[in-house]
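Quick notes on the structure that follows.
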Amino acid sequence: MSEQVIGVNTALMHGFTSSLIKYVNDIVEQNDSNNDNKEDYYLFFVDFLKNLIESSQQELKNSISSADKNSDLFLETQLWNLFYHLINTDTTLVSELDRILNIRTWLESMMEKPKRPAQSIFESKNMFFKYLFELVISGQYDLAIKEALSAKNYNLAMILNGFKAIEISEDSVTDGLWKNSVKVMGDDTKLSAYERVLYKYISGSSLTLLDEPLQEIVNSFDWSIKLLFHVKSIIDDYVEAKTKNFASFDVKEKLENSLYDVFSSEEIKNPIKDIIYSLISNKLDILLVSFEEELQDSLNDKKTSFFYGNEYLLRIMAQLCIISSTIDRDVINKDIKDTFISVYIKSLIVDAKETSQPEILNSIYPYIYYLEPDNQLEIYSEFLKYIDSTDDKKKQKIAAEALGLPFKSFLMKMSTDLFADMKAKDLEKSEIVKSQSMNDDITDEQNEIINCIDYLIVADYYERAIDLLLSSIKLFLIKKSVGAFVVLMDKIDLDKIITVCELNDKTEESQVLQDFAKLKICLVLLKEWNVYVKDLEQSNDIVEFTNKEQLLTVKLTQCAMESFDFVNSENDSKALFLVKCIYVPYLFIQIHKILEFSSELLGQPSLAQDALDLAKIVTDKTKQYHYLFNSSHTLELYVEMVTKTYIKRSEEHT
């Protein structure tokens, strides 16, 4: 798969994620309390889906597009409501109608609840019947009956009461004569259009048989009213067919024909509506296949894909896959499910980094929970690489252990991938470059190494952590990556690591780490000194300058003369010997520069003499410092510096 990911607006994912975290935590708690006795998590799931619906409705309420029935947010609210009604099925005497009855209830729940006109008396019959029609299609039967009684339209009140009795009854027998009488009333063109369409709906008349004025009314609403007409007609026809003992009545075929009539129009095309169609027709698996192809096109930068730039849809698809797999893990193709979820996770990771919102990263683990084991390891590894804070790493460890996520496997994979060739290639084949400049920049690869070592320590994998820590420090220092070295040393709890070494009889490792710690202090002090010297014109505090110079030269001299004493040749450790060859001469050179500079600034020739005295130690053959200078390509530079200082001191005496 392409590395490109789709940008994700996370503002509308938090409600779902909060519910999902709660749901996954409930699973963990349930498992912990019952040990190996895993309960059916259906009730957890229903509660979780309710929370999702409430979050979606709240976002819709706060949105300026809440009145737009074709907005993504409104359609998403319809989608989650549909899902809830489909899975929250009540058993009826007519079991074949369970699904379609719930679809009708869902459609009624999503209809906009009408507001009663402010005036006590309606301006026209049409306005009155429009209000009653909207009450009925939104399932508010009692209020519609009350309004009819208030208007003293007792005939209408009786019709509505009969309609309500049939709608809520579990009896499969309906009064065909009553239904036909109401249908005939709907054919009376002398009545107002809204009164007629009300009768047509109540009687279960087919949408295709409505005349033009009534079709215009239906078309003035959104697509869902058309589907409601079809569903009501199918329910009534089914009941009538059962009552008259018709040989067969194919509800599935009738529904499929109705769905085609509603969703085939070009004006209604929308990916979320396609999802709604697939759920109603029970063809989610087919939709997921076609949507995955569209997603792959988008990842390959194909702008014709409806996923391209559609941040909303990717989130919905990931959530849909999670919901579906929670109901039944085998209901959808596992590879396709993982594709949507993993691409969404990658998008969240990118979004968290680009917007500097690490809290997004801390909410991703429940999504990873729903990936298959192989993909879980891959995505989890990629995800955890972006966790920088040690405290956040500790939180991830706790979450991983609770959920059974492959935290240990991730660490083994990550450390193996990063360090497999370090000793064999980078360290053993490293050579000292002639450049004297130290690099403060940190590469992405170095950050990954630092991150990995931090994870190993968090996970208490000390043996591997110590080995990789020493290897990476040597590598950073040989490459003169001072910035990466300092960050790594600051990141870890060095005192704790040294204690672990001593407890496990790793005496040499403990000594090396202590020497590295001294070197790190010197490098940091040097950096601070260079910054201080640049701004020296703004400070006339001679005492402060003198104190800093003395502290620095003492620290650097001690480190140069005492560190890595046990390493005398490449035979001891080539990598460590290279570090000694680079940094011991480097420290001596920096000491000489500091003393020379301070001598001129303070007018104290004794400091320059101190530099020359130090040079005598360096050139003492018994100390073998000259060999380190020669190996690091710095001998010529150092001799040149010492010579200039000597000449200058000689001139001062003459």
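Letters for chains follow the order of the structure tokens (A, B, ...), residue numbers begin at 1 for each chain, and ligand numbers begin at 1 in the order shown.
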Quick one: everything within 8 Å of region 375-377 of chain A, counting only C-alpha atoms, minus sequence neighbours fewer than 3 positions away in the same chain. Send it as number ranges by chain. A: 338, 368-369, 371-372, 380-381, 405-406, 409-410
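With only C-alpha atoms as the atoms that count, the minimum distance from Tyr461 (chain A) to the choices A:Glu378, A:Phe407, A:Ser599, A:Glu448 is reached by A:Phe407.
The spacing separating CA of Leu299 (chain A) from CA of Leu287 (chain A) amounts to 18.3 Å.
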Can you pull out the residues contacting region 223-231 of chain A? Cut-off 7 Å, using only C-alpha atoms, and skip same-chain residues under 4 positions away; I want them as a PyMOL selection string. chain A and resi 100+104+107+201+206-207+218+235+258+262
Polymer residues at most 8 Å from region 72-89 of chain A, only C-alpha atoms, same-chain spacing of 6 or more positions, as a VMD selection string: chain A and resid 46 49 to 50 52 to 53 56 to 57 59 to 60 65 to 66 98 to 99 102 to 103 105 to 106 110 272 to 273 275 to 276 279 312 316
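Close contacts of region 393-404 of chain A, defined as residues with an atom at most 8 Å away when counting only C-alpha atoms, with chain neighbours fewer than 2 positions off set aside, comprise Val24, Val28, Asn362, Tyr365, Tyr369, Ile387, Asp388, Ser389, Thr390, Asp391, Pro406, Phe407, Tyr455, Val458 and Ala459 of chain A.
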Residues near Lys496 (chain A), anyone? I mean within 12 Å using only C-alpha atoms, not counting same-chain ones fewer than 6 positions away, as a PyMOL selection string. chain A and resi 457-458+460+462+465-466+502-503+510+513-514
List every residue of region 332-506 of chain A that DSSP, applied to the backbone of this structure, places in helix (DSSP H, G or I), and write the result as a PyMOL selection string. chain A and resi 334-354+358-361+365-368+373-384+390-403+407-419+422-427+444-458+462-478+482-491+494-503
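The space between CA of Val639 (chain A) and CA of Lys555 (chain A) spans 22.6 Å.
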Sorted by chain and rising residue number, list the residues of region 82-149 of chain A at most 10 Å from region 175-194 of chain A (counting only C-alpha atoms), each with its closest atom pair and distance in Å to one decimal, as a Markdown table.
| residue | atom | partner | partner_atom | distance |
| --- | --- | --- | --- | --- |
| A:Ser124 | CA | A:Ser192 | CA | 9.6 |
| A:Lys125 | CA | A:Ser192 | CA | 7.1 |
| A:Asn126 | CA | A:Ser192 | CA | 5.7 |
| A:Met127 | CA | A:Tyr194 | CA | 8.0 |
| A:Phe128 | CA | A:Tyr194 | CA | 8.5 |
| A:Phe129 | CA | A:Tyr194 | CA | 5.4 |
| A:Lys130 | CA | A:Tyr194 | CA | 5.2 |
| A:Tyr131 | CA | A:Tyr194 | CA | 8.8 |
| A:Leu132 | CA | A:Tyr194 | CA | 8.7 |
| A:Phe133 | CA | A:Tyr194 | CA | 7.0 |
| A:Glu134 | CA | A:Tyr194 | CA | 9.7 |
